[in-house]
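Containing compact mmCIF, C-alpha atoms and all ligand atoms: my_file_26.txt.
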# COMPACT_ATOMS: atom_id res chain seq x y z
CA MET A 1 -111.67 -140.89 17.25
CA ASN A 2 -113.80 -138.28 15.68
CA ILE A 3 -113.29 -138.41 11.96
CA ASP A 4 -113.59 -134.67 11.59
CA SER A 5 -111.12 -133.53 14.13
CA ILE A 6 -108.02 -134.74 15.82
CA LYS A 7 -106.48 -133.11 18.82
CA ASN A 8 -102.83 -133.81 18.22
CA GLY A 9 -101.69 -135.36 14.98
CA ILE A 10 -101.34 -135.18 11.25
CA VAL A 11 -103.82 -134.83 8.43
CA ILE A 12 -102.53 -135.86 5.03
CA ASP A 13 -104.85 -134.10 2.64
CA HIS A 14 -105.34 -133.79 -1.13
CA ILE A 15 -104.23 -137.32 -1.83
CA LYS A 16 -105.26 -138.40 -5.31
CA ALA A 17 -108.46 -140.44 -5.05
CA LYS A 18 -107.74 -144.16 -4.47
CA LYS A 19 -104.08 -143.50 -3.54
CA GLY A 20 -104.80 -143.38 0.20
CA MET A 21 -104.27 -147.05 0.83
CA GLU A 22 -100.96 -147.05 -1.06
CA ILE A 23 -99.70 -144.24 1.13
CA TYR A 24 -101.00 -145.95 4.26
CA GLU A 25 -98.91 -148.97 3.36
CA ALA A 26 -95.85 -147.05 2.19
CA LEU A 27 -95.74 -145.17 5.49
CA ASN A 28 -96.29 -148.37 7.47
CA LEU A 29 -99.20 -146.80 9.30
CA GLN A 30 -100.56 -150.24 10.19
CA GLU A 31 -97.73 -150.43 12.72
CA LEU A 32 -99.05 -147.48 14.70
CA GLU A 33 -100.99 -148.04 17.90
CA CYS A 34 -102.99 -144.82 17.65
CA SER A 35 -106.10 -144.42 15.52
CA VAL A 36 -105.66 -143.84 11.84
CA ALA A 37 -108.53 -142.98 9.51
CA ILE A 38 -108.47 -143.28 5.76
CA ILE A 39 -111.20 -141.41 3.99
CA THR A 40 -111.55 -142.25 0.35
CA ASN A 41 -113.44 -140.50 -2.39
CA ALA A 42 -114.11 -137.40 -0.33
CA LYS A 43 -115.53 -134.49 -2.29
CA SER A 44 -112.99 -131.81 -3.12
CA LYS A 45 -113.52 -128.47 -4.81
CA LYS A 46 -110.04 -128.57 -6.27
CA MET A 47 -109.77 -132.20 -7.21
CA GLY A 48 -113.27 -133.54 -7.60
CA ARG A 49 -112.50 -136.55 -5.43
CA LYS A 50 -109.65 -137.07 -3.05
CA ASP A 51 -108.41 -139.28 -0.23
CA ILE A 52 -107.46 -138.09 3.24
CA ILE A 53 -105.50 -139.81 6.00
CA LYS A 54 -105.83 -138.69 9.61
CA ILE A 55 -103.33 -139.86 12.20
CA ASP A 56 -104.26 -139.25 15.81
CA LYS A 57 -100.72 -138.76 17.02
CA SER A 58 -97.73 -136.55 16.24
CA ILE A 59 -95.32 -138.86 14.50
CA ASP A 60 -92.40 -138.40 12.17
CA ILE A 61 -93.46 -139.30 8.68
CA ASP A 62 -91.19 -139.78 5.74
CA LEU A 63 -91.94 -136.80 3.51
CA ASP A 64 -89.74 -138.24 0.74
CA ILE A 65 -92.09 -141.19 0.35
CA LEU A 66 -95.06 -138.87 0.13
CA GLY A 67 -93.34 -136.57 -2.34
CA TYR A 68 -92.36 -139.51 -4.49
CA ILE A 69 -95.82 -141.11 -4.55
CA ASP A 70 -97.90 -137.97 -4.82
CA PRO A 71 -96.30 -134.50 -4.83
CA ASP A 72 -99.69 -132.73 -4.69
CA ILE A 73 -100.34 -133.82 -1.12
CA THR A 74 -100.85 -131.24 1.66
CA ILE A 75 -99.72 -131.98 5.21
CA ASN A 76 -101.52 -130.43 8.16
CA ILE A 77 -100.04 -130.62 11.63
CA VAL A 78 -102.57 -130.28 14.40
CA LYS A 79 -101.68 -129.46 17.99
CA ASP A 80 -104.20 -128.86 20.80
CA ASP A 81 -107.04 -128.74 18.28
CA LYS A 82 -105.29 -126.05 16.27
CA LEU A 83 -103.77 -126.24 12.83
CA ILE A 84 -100.20 -125.17 13.55
CA LYS A 85 -98.53 -125.97 10.27
CA LYS A 86 -99.67 -126.61 6.74
CA PHE A 87 -97.29 -127.41 3.91
CA HIS A 88 -96.85 -129.14 0.60
CA VAL A 89 -94.48 -131.96 -0.11
CA THR A 90 -92.08 -131.77 -3.03
CA LYS A 91 -90.48 -134.36 -5.25
CA PRO A 92 -87.32 -135.35 -3.38
CA GLU A 93 -83.98 -135.16 -5.24
CA LYS A 94 -83.04 -138.59 -3.96
CA ILE A 95 -85.00 -141.48 -2.47
CA VAL A 96 -83.37 -144.28 -0.55
CA ASN A 97 -84.90 -147.72 -0.05
CA ILE A 98 -88.36 -146.66 -1.14
CA VAL A 99 -88.50 -148.34 -4.52
CA LYS A 100 -86.50 -151.27 -5.80
CA CYS A 101 -84.58 -151.30 -9.06
CA GLN A 102 -86.37 -153.62 -11.49
CA ASN A 103 -83.43 -154.07 -13.83
CA PRO A 104 -82.21 -157.69 -13.57
CA ARG A 105 -78.81 -156.60 -14.91
CA CYS A 106 -78.33 -154.03 -12.13
CA ILE A 107 -75.68 -154.66 -9.45
CA THR A 108 -78.38 -154.13 -6.80
CA SER A 109 -80.11 -157.27 -8.07
CA VAL A 110 -77.21 -159.43 -6.85
CA GLU A 111 -75.75 -157.43 -3.96
CA LYS A 112 -78.73 -157.23 -1.66
CA GLU A 113 -77.05 -155.21 1.08
CA LEU A 114 -76.72 -152.18 -1.21
CA ASP A 115 -79.13 -149.31 -0.65
CA GLN A 116 -81.71 -148.82 -3.38
CA VAL A 117 -81.00 -145.26 -4.39
CA PHE A 118 -82.99 -143.37 -6.99
CA ILE A 119 -82.15 -139.87 -8.21
CA LEU A 120 -84.57 -137.35 -9.71
CA THR A 121 -82.84 -136.90 -13.07
CA ASP A 122 -85.56 -135.02 -14.92
CA LYS A 123 -87.55 -132.54 -12.87
CA GLU A 124 -89.92 -131.61 -15.68
CA LYS A 125 -90.91 -135.15 -16.51
CA GLN A 126 -90.44 -136.31 -12.90
CA ILE A 127 -88.20 -139.19 -13.85
CA TYR A 128 -86.27 -141.11 -11.22
CA ARG A 129 -83.35 -143.26 -12.23
CA CYS A 130 -81.41 -145.88 -10.31
CA LYS A 131 -78.13 -144.39 -9.15
CA TYR A 132 -76.25 -147.49 -10.27
CA CYS A 133 -77.71 -148.68 -13.57
CA GLU A 134 -79.70 -145.54 -14.51
CA GLY A 135 -82.76 -147.70 -15.03
CA ARG A 136 -86.06 -145.85 -14.56
CA SER A 137 -88.23 -146.37 -11.54
CA PHE A 138 -91.74 -147.48 -12.24
CA ASN A 139 -94.15 -144.59 -12.10
CA PRO A 140 -95.79 -144.32 -8.72
CA MET B 141 -60.85 -136.50 -11.24
CA LYS B 142 -60.99 -139.36 -8.77
CA ASN B 143 -62.84 -141.96 -10.85
CA LEU B 144 -64.03 -142.47 -14.40
CA ILE B 145 -67.35 -144.29 -14.33
CA ASP B 146 -69.33 -142.59 -17.07
CA ILE B 147 -68.10 -140.54 -20.04
CA LYS B 148 -70.37 -137.77 -18.71
CA ASP B 149 -67.95 -137.48 -15.75
CA LEU B 150 -65.63 -135.66 -18.16
CA ASN B 151 -66.33 -132.23 -19.58
CA VAL B 152 -65.25 -131.12 -23.05
CA GLU B 153 -62.10 -129.42 -21.70
CA GLU B 154 -61.00 -132.52 -19.80
CA ILE B 155 -61.51 -134.66 -22.91
CA GLU B 156 -59.55 -132.11 -24.92
CA GLU B 157 -56.71 -132.33 -22.40
CA LEU B 158 -56.66 -136.16 -22.52
CA ILE B 159 -56.58 -136.10 -26.31
CA LYS B 160 -53.73 -133.59 -26.23
CA VAL B 161 -51.67 -135.80 -23.90
CA ALA B 162 -52.48 -138.92 -25.96
CA LYS B 163 -51.30 -137.20 -29.13
CA ASP B 164 -48.11 -136.15 -27.39
CA ILE B 165 -47.56 -139.76 -26.26
CA ILE B 166 -47.95 -140.95 -29.87
CA GLN B 167 -45.26 -138.49 -30.92
CA ASN B 168 -42.89 -138.90 -27.96
CA LYS B 169 -43.24 -142.45 -26.67
CA GLU B 170 -39.82 -142.44 -25.02
CA LYS B 171 -40.65 -139.40 -22.90
CA TYR B 172 -43.46 -141.32 -21.22
CA SER B 173 -41.85 -144.73 -20.79
CA HIS B 174 -40.91 -144.24 -17.13
CA LYS B 175 -43.69 -141.95 -15.97
CA CYS B 176 -45.29 -144.68 -13.88
CA ASP B 177 -42.20 -146.48 -12.62
CA GLY B 178 -43.03 -148.21 -9.36
CA LYS B 179 -46.80 -147.82 -9.81
CA LYS B 180 -49.27 -150.67 -10.12
CA LEU B 181 -52.51 -151.04 -12.02
CA ALA B 182 -55.00 -153.78 -11.12
CA THR B 183 -57.19 -155.08 -13.92
CA LEU B 184 -60.18 -156.64 -12.17
CA PHE B 185 -62.23 -158.34 -14.85
CA PHE B 186 -65.28 -160.02 -13.33
CA GLU B 187 -66.23 -160.98 -16.87
CA PRO B 188 -63.71 -161.72 -19.58
CA SER B 189 -62.79 -159.10 -22.14
CA THR B 190 -59.34 -159.91 -23.34
CA ARG B 191 -59.00 -156.90 -25.65
CA THR B 192 -59.91 -154.29 -23.12
CA ARG B 193 -57.79 -155.92 -20.44
CA LEU B 194 -54.73 -156.18 -22.70
CA SER B 195 -55.17 -152.57 -23.75
CA PHE B 196 -55.11 -151.39 -20.13
CA GLU B 197 -52.19 -153.64 -19.28
CA ALA B 198 -50.17 -152.57 -22.33
CA ALA B 199 -50.92 -148.93 -21.50
CA MET B 200 -49.59 -149.28 -17.96
CA MET B 201 -46.52 -151.24 -19.10
CA ASP B 202 -45.68 -148.60 -21.71
CA LEU B 203 -45.69 -146.07 -18.89
CA GLY B 204 -43.19 -148.18 -16.96
CA GLY B 205 -45.72 -149.45 -14.43
CA ASN B 206 -46.72 -152.94 -13.40
CA VAL B 207 -50.00 -154.79 -13.62
CA LEU B 208 -51.80 -157.51 -11.70
CA GLY B 209 -55.35 -158.76 -11.59
CA PHE B 210 -57.75 -161.43 -12.72
CA SER B 211 -59.56 -162.05 -15.98
CA SER B 212 -62.82 -163.74 -14.98
CA ALA B 213 -65.09 -164.04 -11.99
CA SER B 214 -64.40 -167.75 -11.61
CA SER B 215 -60.74 -167.05 -10.88
CA SER B 216 -61.58 -164.35 -8.33
CA SER B 217 -63.00 -164.38 -4.85
CA THR B 218 -66.41 -163.41 -6.27
CA ALA B 219 -66.77 -167.09 -6.98
CA LYS B 220 -66.71 -167.52 -3.21
CA GLY B 221 -69.42 -164.91 -2.82
CA GLU B 222 -67.36 -161.86 -1.94
CA SER B 223 -68.97 -158.48 -2.55
CA VAL B 224 -67.56 -155.97 -5.01
CA ALA B 225 -66.89 -153.58 -2.13
CA ASP B 226 -64.77 -156.12 -0.23
CA THR B 227 -62.77 -157.09 -3.32
CA ILE B 228 -62.06 -153.44 -4.04
CA ARG B 229 -61.01 -152.65 -0.48
CA THR B 230 -58.61 -155.58 -0.54
CA VAL B 231 -57.07 -154.83 -3.93
CA GLY B 232 -56.82 -151.14 -3.01
CA CYS B 233 -54.20 -152.13 -0.43
CA TYR B 234 -51.88 -153.38 -3.18
CA VAL B 235 -52.23 -151.03 -6.13
CA ASP B 236 -52.40 -147.35 -7.14
CA ILE B 237 -55.27 -147.55 -9.62
CA ILE B 238 -57.93 -150.07 -10.67
CA ALA B 239 -59.52 -150.79 -14.04
CA MET B 240 -62.63 -152.85 -13.49
CA ARG B 241 -65.05 -154.70 -15.74
CA HIS B 242 -68.19 -156.29 -14.38
CA PRO B 243 -71.25 -157.93 -15.95
CA LYS B 244 -73.65 -156.04 -13.66
CA GLU B 245 -74.60 -152.46 -14.41
CA GLY B 246 -73.44 -149.98 -11.81
CA ALA B 247 -70.84 -152.29 -10.20
CA PRO B 248 -67.95 -149.85 -10.87
CA LEU B 249 -69.89 -147.09 -9.12
CA VAL B 250 -70.32 -149.37 -6.10
CA ALA B 251 -66.56 -149.94 -6.24
CA ALA B 252 -65.81 -146.22 -6.55
CA GLU B 253 -67.86 -145.46 -3.45
CA LYS B 254 -65.71 -147.80 -1.37
CA SER B 255 -62.32 -147.48 -3.01
CA VAL B 256 -59.34 -145.55 -1.70
CA VAL B 257 -57.65 -145.63 -5.12
CA PRO B 258 -59.06 -144.34 -8.44
CA ILE B 259 -61.44 -146.61 -10.34
CA ILE B 260 -61.74 -146.74 -14.11
CA ASN B 261 -64.87 -148.39 -15.45
CA ALA B 262 -63.69 -150.83 -18.13
CA GLY B 263 -67.29 -151.76 -18.99
CA ASP B 264 -70.31 -152.64 -16.86
CA GLY B 265 -72.67 -154.89 -18.76
CA GLY B 266 -74.57 -153.01 -21.41
CA HIS B 267 -74.29 -149.77 -19.47
CA ASN B 268 -71.08 -147.70 -19.67
CA HIS B 269 -67.69 -148.14 -21.24
CA PRO B 270 -66.08 -144.70 -21.09
CA THR B 271 -62.61 -145.68 -22.28
CA GLN B 272 -64.14 -147.05 -25.48
CA THR B 273 -65.75 -143.66 -26.04
CA LEU B 274 -62.45 -141.88 -25.33
CA THR B 275 -60.81 -144.24 -27.81
CA ASP B 276 -63.41 -143.32 -30.41
CA LEU B 277 -62.94 -139.60 -29.79
CA LEU B 278 -59.16 -139.84 -30.11
CA THR B 279 -59.58 -141.87 -33.30
CA ILE B 280 -61.88 -139.27 -34.82
CA LYS B 281 -59.58 -136.44 -33.77
CA CYS B 282 -56.48 -138.13 -35.21
CA GLU B 283 -58.11 -139.44 -38.39
CA LYS B 284 -60.25 -136.41 -39.23
CA GLY B 285 -58.29 -133.67 -37.48
CA ARG B 286 -61.42 -132.33 -35.78
CA LEU B 287 -64.37 -133.20 -33.57
CA GLU B 288 -66.69 -130.59 -35.12
CA ASP B 289 -68.43 -130.39 -38.51
CA LEU B 290 -68.89 -134.11 -39.04
CA THR B 291 -71.60 -136.32 -40.47
CA ILE B 292 -71.43 -139.57 -38.57
CA GLY B 293 -73.11 -142.76 -39.75
CA LEU B 294 -73.81 -145.34 -37.05
CA CYS B 295 -74.75 -148.76 -38.32
CA GLY B 296 -76.03 -151.99 -36.80
CA ASP B 297 -77.27 -152.48 -33.27
CA LEU B 298 -78.22 -148.99 -32.18
CA LYS B 299 -80.64 -150.25 -29.55
CA PHE B 300 -78.43 -152.24 -27.21
CA GLY B 301 -75.07 -150.91 -28.40
CA ARG B 302 -73.77 -148.91 -25.49
CA THR B 303 -70.75 -147.83 -27.56
CA VAL B 304 -73.12 -146.10 -29.91
CA HIS B 305 -75.14 -144.47 -27.14
CA SER B 306 -72.05 -143.07 -25.44
CA LEU B 307 -70.59 -141.86 -28.71
CA ILE B 308 -73.81 -140.06 -29.63
CA THR B 309 -73.89 -138.45 -26.18
CA ALA B 310 -70.23 -137.44 -26.35
CA MET B 311 -70.35 -136.11 -29.92
CA SER B 312 -73.53 -134.15 -29.25
CA ARG B 313 -71.44 -131.67 -27.30
CA TYR B 314 -69.51 -130.57 -30.42
CA LYS B 315 -70.55 -128.07 -33.08
CA ASN B 316 -72.30 -128.98 -36.30
CA ILE B 317 -72.58 -132.73 -35.84
CA LYS B 318 -75.08 -134.71 -37.90
CA PHE B 319 -76.00 -138.34 -37.42
CA VAL B 320 -77.22 -140.93 -39.91
CA LEU B 321 -78.66 -143.81 -37.89
CA ILE B 322 -78.67 -147.00 -39.92
CA SER B 323 -80.46 -149.99 -38.39
CA PRO B 324 -83.35 -152.40 -38.80
CA ASP B 325 -86.55 -151.26 -37.05
CA GLU B 326 -85.94 -153.64 -34.14
CA LEU B 327 -82.56 -152.13 -33.36
CA LYS B 328 -83.24 -148.39 -33.59
CA ILE B 329 -81.81 -146.08 -30.94
CA PRO B 330 -83.92 -145.83 -27.77
CA GLU B 331 -86.46 -143.01 -27.46
CA TYR B 332 -84.75 -141.46 -24.47
CA LEU B 333 -81.60 -140.86 -26.51
CA LYS B 334 -83.61 -139.15 -29.20
CA GLU B 335 -85.46 -136.96 -26.73
CA ASP B 336 -82.84 -136.27 -24.09
CA VAL B 337 -79.77 -135.99 -26.28
CA LEU B 338 -80.52 -135.41 -29.96
CA GLU B 339 -83.67 -133.31 -29.81
CA LYS B 340 -82.63 -131.49 -26.66
CA ASN B 341 -79.39 -130.35 -28.29
CA ASN B 342 -81.04 -129.64 -31.67
CA ILE B 343 -78.91 -132.19 -33.44
CA GLU B 344 -79.81 -133.15 -36.96
CA PHE B 345 -80.34 -136.88 -37.45
CA ILE B 346 -81.84 -139.21 -40.01
CA GLU B 347 -82.97 -142.78 -39.43
CA THR B 348 -82.69 -145.21 -42.31
CA LYS B 349 -82.65 -148.92 -42.97
CA ASP B 350 -80.48 -148.56 -46.05
CA ILE B 351 -76.73 -148.53 -45.47
CA GLU B 352 -76.01 -147.12 -48.95
CA GLU B 353 -78.62 -144.34 -49.03
CA TYR B 354 -76.49 -141.66 -47.39
CA MET B 355 -73.07 -143.24 -47.89
CA ASP B 356 -71.82 -140.32 -50.01
CA LYS B 357 -72.57 -137.85 -47.18
CA LEU B 358 -70.65 -139.59 -44.40
CA ASP B 359 -67.36 -138.44 -42.86
CA ILE B 360 -67.40 -141.34 -40.42
CA LEU B 361 -69.04 -144.74 -40.64
CA TYR B 362 -69.18 -146.50 -37.28
CA MET B 363 -70.06 -150.17 -37.65
CA THR B 364 -71.21 -152.26 -34.69
CA ARG B 365 -71.66 -155.90 -33.88
CA VAL B 366 -75.00 -157.34 -32.90
CA GLN B 367 -74.12 -158.93 -29.56
CA LYS B 368 -75.74 -162.18 -28.64
CA GLU B 369 -75.60 -161.56 -24.88
CA ARG B 370 -77.85 -158.49 -25.22
CA PHE B 371 -80.72 -160.59 -26.53
CA PHE B 372 -83.04 -162.64 -24.39
CA ASN B 373 -84.37 -164.35 -27.46
CA GLU B 374 -82.10 -166.50 -29.62
CA GLU B 375 -84.36 -166.22 -32.68
CA ASP B 376 -84.20 -162.44 -32.74
CA TYR B 377 -80.44 -162.57 -32.55
CA ILE B 378 -80.13 -165.00 -35.43
CA ARG B 379 -82.53 -162.98 -37.57
CA LEU B 380 -80.78 -159.66 -36.98
CA LYS B 381 -77.11 -160.50 -36.76
CA ASP B 382 -76.40 -160.51 -40.50
CA TYR B 383 -78.58 -157.51 -41.35
CA TYR B 384 -75.63 -155.31 -42.32
CA ILE B 385 -72.38 -156.39 -43.81
CA LEU B 386 -70.08 -153.68 -45.08
CA ASN B 387 -68.06 -154.60 -48.15
CA LYS B 388 -66.11 -152.91 -50.95
CA GLU B 389 -69.15 -152.62 -53.16
CA LYS B 390 -71.20 -150.72 -50.62
CA LEU B 391 -68.37 -148.22 -50.22
CA GLU B 392 -68.42 -147.25 -53.91
CA LYS B 393 -70.10 -143.88 -53.39
CA ALA B 394 -68.33 -143.12 -50.11
CA LYS B 395 -66.10 -140.08 -49.66
CA LYS B 396 -62.38 -140.51 -50.34
CA ASP B 397 -61.61 -139.50 -46.76
CA LEU B 398 -64.32 -141.51 -45.03
CA CYS B 399 -63.18 -142.98 -41.73
CA ILE B 400 -64.52 -146.49 -41.04
CA MET B 401 -64.60 -147.43 -37.36
CA HIS B 402 -65.61 -150.48 -35.35
CA PRO B 403 -65.14 -151.14 -31.62
CA LEU B 404 -63.98 -154.72 -32.37
CA PRO B 405 -64.12 -157.64 -32.16
CA ARG B 406 -66.03 -157.97 -35.40
CA VAL B 407 -67.80 -161.10 -36.46
CA ASN B 408 -68.72 -160.50 -40.08
CA GLU B 409 -70.14 -156.95 -40.11
CA ILE B 410 -67.14 -155.77 -42.10
CA SER B 411 -66.00 -157.99 -44.90
CA ILE B 412 -62.24 -158.59 -44.88
CA ASP B 413 -61.97 -157.08 -48.36
CA VAL B 414 -62.36 -153.70 -46.66
CA ASP B 415 -59.37 -154.20 -44.35
CA ASP B 416 -56.77 -153.01 -46.86
CA ASP B 417 -58.73 -149.89 -47.75
CA PRO B 418 -56.88 -146.90 -46.25
CA ARG B 419 -60.22 -145.63 -44.95
CA ALA B 420 -60.50 -148.65 -42.65
CA ALA B 421 -59.45 -147.18 -39.32
CA TYR B 422 -60.53 -149.96 -36.98
CA PHE B 423 -57.14 -151.47 -36.35
CA ARG B 424 -55.60 -148.04 -35.81
CA GLN B 425 -58.52 -147.45 -33.43
CA VAL B 426 -57.19 -150.31 -31.26
CA GLU B 427 -53.84 -148.57 -31.02
CA TYR B 428 -55.43 -145.21 -30.20
CA GLY B 429 -57.20 -147.07 -27.41
CA LYS B 430 -53.91 -147.82 -25.73
CA TYR B 431 -52.68 -144.23 -26.02
CA ILE B 432 -55.82 -142.68 -24.58
CA ARG B 433 -55.69 -145.17 -21.68
CA MET B 434 -52.09 -144.10 -21.06
CA ALA B 435 -53.20 -140.46 -20.96
CA LEU B 436 -56.04 -141.37 -18.62
CA ILE B 437 -53.83 -143.32 -16.21
CA LEU B 438 -51.43 -140.35 -16.07
CA LYS B 439 -54.26 -137.95 -15.37
CA MET B 440 -55.83 -140.12 -12.68
CA LEU B 441 -52.53 -140.78 -10.96
CA GLU B 442 -51.74 -137.08 -11.27
CA VAL B 443 -48.41 -137.83 -12.88
CA LYS B 444 -47.05 -134.79 -14.67
ZN ZN C 1 -80.45 -150.30 -10.95
Write out the structure in this file as structure tokens.
Amino acid sequence: MNIDSIKNGIVIDHIKAKKGMEIYEALNLQELECSVAIITNAKSKKMGRKDIIKIDKSIDIDLDILGYIDPDITINIVKDDKLIKKFHVTKPEKIVNIVKCQNPRCITSVEKELDQVFILTDKEKQIYRCKYCEGRSFNP
Amino acid sequence: MKNLIDIKDLNVEEIEELIKVAKDIIQNKEKYSHKCDGKKLATLFFEPSTRTRLSFEAAMMDLGGNVLGFSSASSSSTAKGESVADTIRTVGCYVDIIAMRHPKEGAPLVAAEKSVVPIINAGDGGHNHPTQTLTDLLTIKCEKGRLEDLTIGLCGDLKFGRTVHSLITAMSRYKNIKFVLISPDELKIPEYLKEDVLEKNNIEFIETKDIEEYMDKLDILYMTRVQKERFFNEEDYIRLKDYYILNKEKLEKAKKDLCIMHPLPRVNEISIDVDDDPRAAYFRQVEYGKYIRMALILKMLEVK
């Protein structure tokens, strides 16, 4: 795969420097059979340094995970060598089974089959709280 | 209203309505004594709390209804590893409404998501206990005649005391409320309450370590118990549990119409020499607790 260009796939751009690997893991990209490139510490006019992930295949990615980890990310969809769509992710209102509640007194700590649901309770401060115990999620 | 999980589920008008019904019950007990004939309340107490359970059961009985349930996890199927959801689905086949207490935070919400009958949260760990807050609001309304224009002293464990947190949140919605927060440094109210509730709503509050400093300004003094189960460290508990003890002497400068409240049970935070003082409202508070639960059961069962 040519690092600079992909024919059909996704470029996750403007990732905060050093966050690339975390996103790679959160999206389970190691499971893919296509080529995936992580570029770290790339120069960026806007950000100084940034990470980029290039996926050489059109796949469905979980935008909620991206929005939760790093809402400043830009997604580029490439088809037949052309950029067909470019968009930003946003902080999702609700995330399911992305982070685990850390509160040992929470019902989710004993009933493992329950979904781990976090709600964006404070948009300004970007605070997520467990739906059940209202405990805060750890900052991504 | 299908369920009551958090006091924030109720708006000011709904609370007003519940208080109105509760006051009418106090005045016309007979009128309400058959309102729930043939209805059943389950009290599912996965951790023991005899007072709260008896209050719910007495409330339902005074409405003419019946009660069944269990009073600790060891006597329930949880001991066999059953999930909250399964217990609730089963009990929902027998009863019209469920009051549930659970040691884990959020368990009543899990129940509410699966239940076909209304769920009342009767306390989930250190998290919510909305009927205690309703009890406190009815007490204030009956004892002071108003929910506005009050200076409220809260004393003791303001850090872990959920009763205090809910009361601050609930009272912050009324006009001209001031708080005096009396606690040792280790047990001050959490930052998020200061930021998200007090400062956000521009509510005046003072933090002090001295119980007597603002005594003459208070309309209400809400005493709390330092609860052992909220501490992970035995030493901290022992050091802090006797920090404040209210007695006759400390009340010397207090207003003639001060209202002294406590969610009970007390250990020694209020000396028994205060009990006969007409300003001691904590035993009346217990009774108000039954009336507000009656009003709540009526509302949730949509009994007119
Ligand atoms: Zn939780």
Original post:
Between B:Ile437, B:Ile322, B:Leu249, B:Met355, which has the minimum distance to ligand ZN 1 (chain C) (counting only C-alpha atoms and all ligand atoms)?
Top reply: B:Leu249
Output the contact residues of chain B with respect to chain A at a cut-off of 6 Å, based on all atoms listed in the file, as a PDB file with C-alpha atoms, in the frame of the given file.
ATOM      1  CA  LYS B 244     -73.650-156.040 -13.660  1.00  0.00           C
ATOM      2  CA  GLU B 245     -74.600-152.460 -14.410  1.00  0.00           C
ATOM      3  CA  GLY B 246     -73.440-149.980 -11.810  1.00  0.00           C
ATOM      4  CA  ALA B 247     -70.840-152.290 -10.200  1.00  0.00           C
TER       5      ALA B 247
END
Using all atoms listed in the file, what table do you get, as a tab-separated table, when you list each residue of segment 325-419 of chain B with an atom no more than 9 Å from segment 283-305 of chain B, its nearest pair of atoms, and their distance in Å rounded to one decimal, rows by chain then rising number?
residue	atom	partner	partner_atom	distance
B:Glu326	CA	B:Lys299	CA	7.8
B:Leu327	CA	B:Lys299	CA	4.7
B:Lys328	CA	B:Lys299	CA	5.2
B:Ile329	CA	B:Lys299	CA	4.5
B:Pro330	CA	B:Lys299	CA	5.8
B:Leu333	CA	B:His305	CA	7.4
B:Ile351	CA	B:Cys295	CA	7.4
B:Tyr354	CA	B:Gly293	CA	8.4
B:Met355	CA	B:Gly293	CA	8.2
B:Lys357	CA	B:Thr291	CA	7.0
B:Leu358	CA	B:Thr291	CA	5.2
B:Asp359	CA	B:Thr291	CA	5.3
B:Ile360	CA	B:Ile292	CA	4.8
B:Leu361	CA	B:Gly293	CA	4.6
B:Tyr362	CA	B:Leu294	CA	4.8
B:Met363	CA	B:Cys295	CA	4.9
B:Thr364	CA	B:Gly296	CA	5.3
B:Arg365	CA	B:Gly296	CA	6.6
B:Val366	CA	B:Asp297	CA	5.4
B:Gln367	CA	B:Asp297	CA	8.1
B:Arg370	CA	B:Phe300	CA	6.6
B:Phe371	CA	B:Phe300	CA	8.7
B:Leu380	CA	B:Asp297	CA	8.8
B:Lys381	CA	B:Gly296	CA	8.6
B:Tyr383	CA	B:Gly296	CA	7.6
B:Tyr384	CA	B:Gly296	CA	6.5
B:Asp397	CA	B:Lys284	CA	8.3
B:Leu398	CA	B:Lys284	CA	8.7
B:Cys399	CA	B:Glu283	CA	7.0
B:Pro403	CA	B:Thr303	CA	7.7
B:Glu409	CA	B:Gly296	CA	8.4
Original post:
Out of B:Val320, B:Leu307, B:Leu208, B:Leu277, which residue has the shortest atom-to-atom distance to Ala182 of chain B when counting all atoms listed in the file?
Top reply: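 Answer, going by the shortest atom-to-atom distance: B:Leu208.
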Subject >> Residues within 9 Å of (-79.7, -139.0, -2.5), counting only C-alpha atoms, listed as a PyMOL selection string >> reply: chain A and resi 92-96+117-120+131
Restricting it to C-alpha atoms, dump the selection as a tab-separated table (two decimals), keeping the file's coordinate frame.
chain	number	residue	atom	x	y	z
A	92	PRO	CA	-87.32	-135.35	-3.38
A	93	GLU	CA	-83.98	-135.16	-5.24
A	94	LYS	CA	-83.04	-138.59	-3.96
A	95	ILE	CA	-85.00	-141.48	-2.47
A	96	VAL	CA	-83.37	-144.28	-0.55
A	117	VAL	CA	-81.00	-145.26	-4.39
A	118	PHE	CA	-82.99	-143.37	-6.99
A	119	ILE	CA	-82.15	-139.87	-8.21
A	120	LEU	CA	-84.57	-137.35	-9.71
A	131	LYS	CA	-78.13	-144.39	-9.15
Original post:
What lies within 9 Å of Leu29 of chain A using all atoms listed in the file, ignoring chain neighbours under 6 positions off, as a PyMOL selection string?
Top reply: chain A and resi 23+36+55
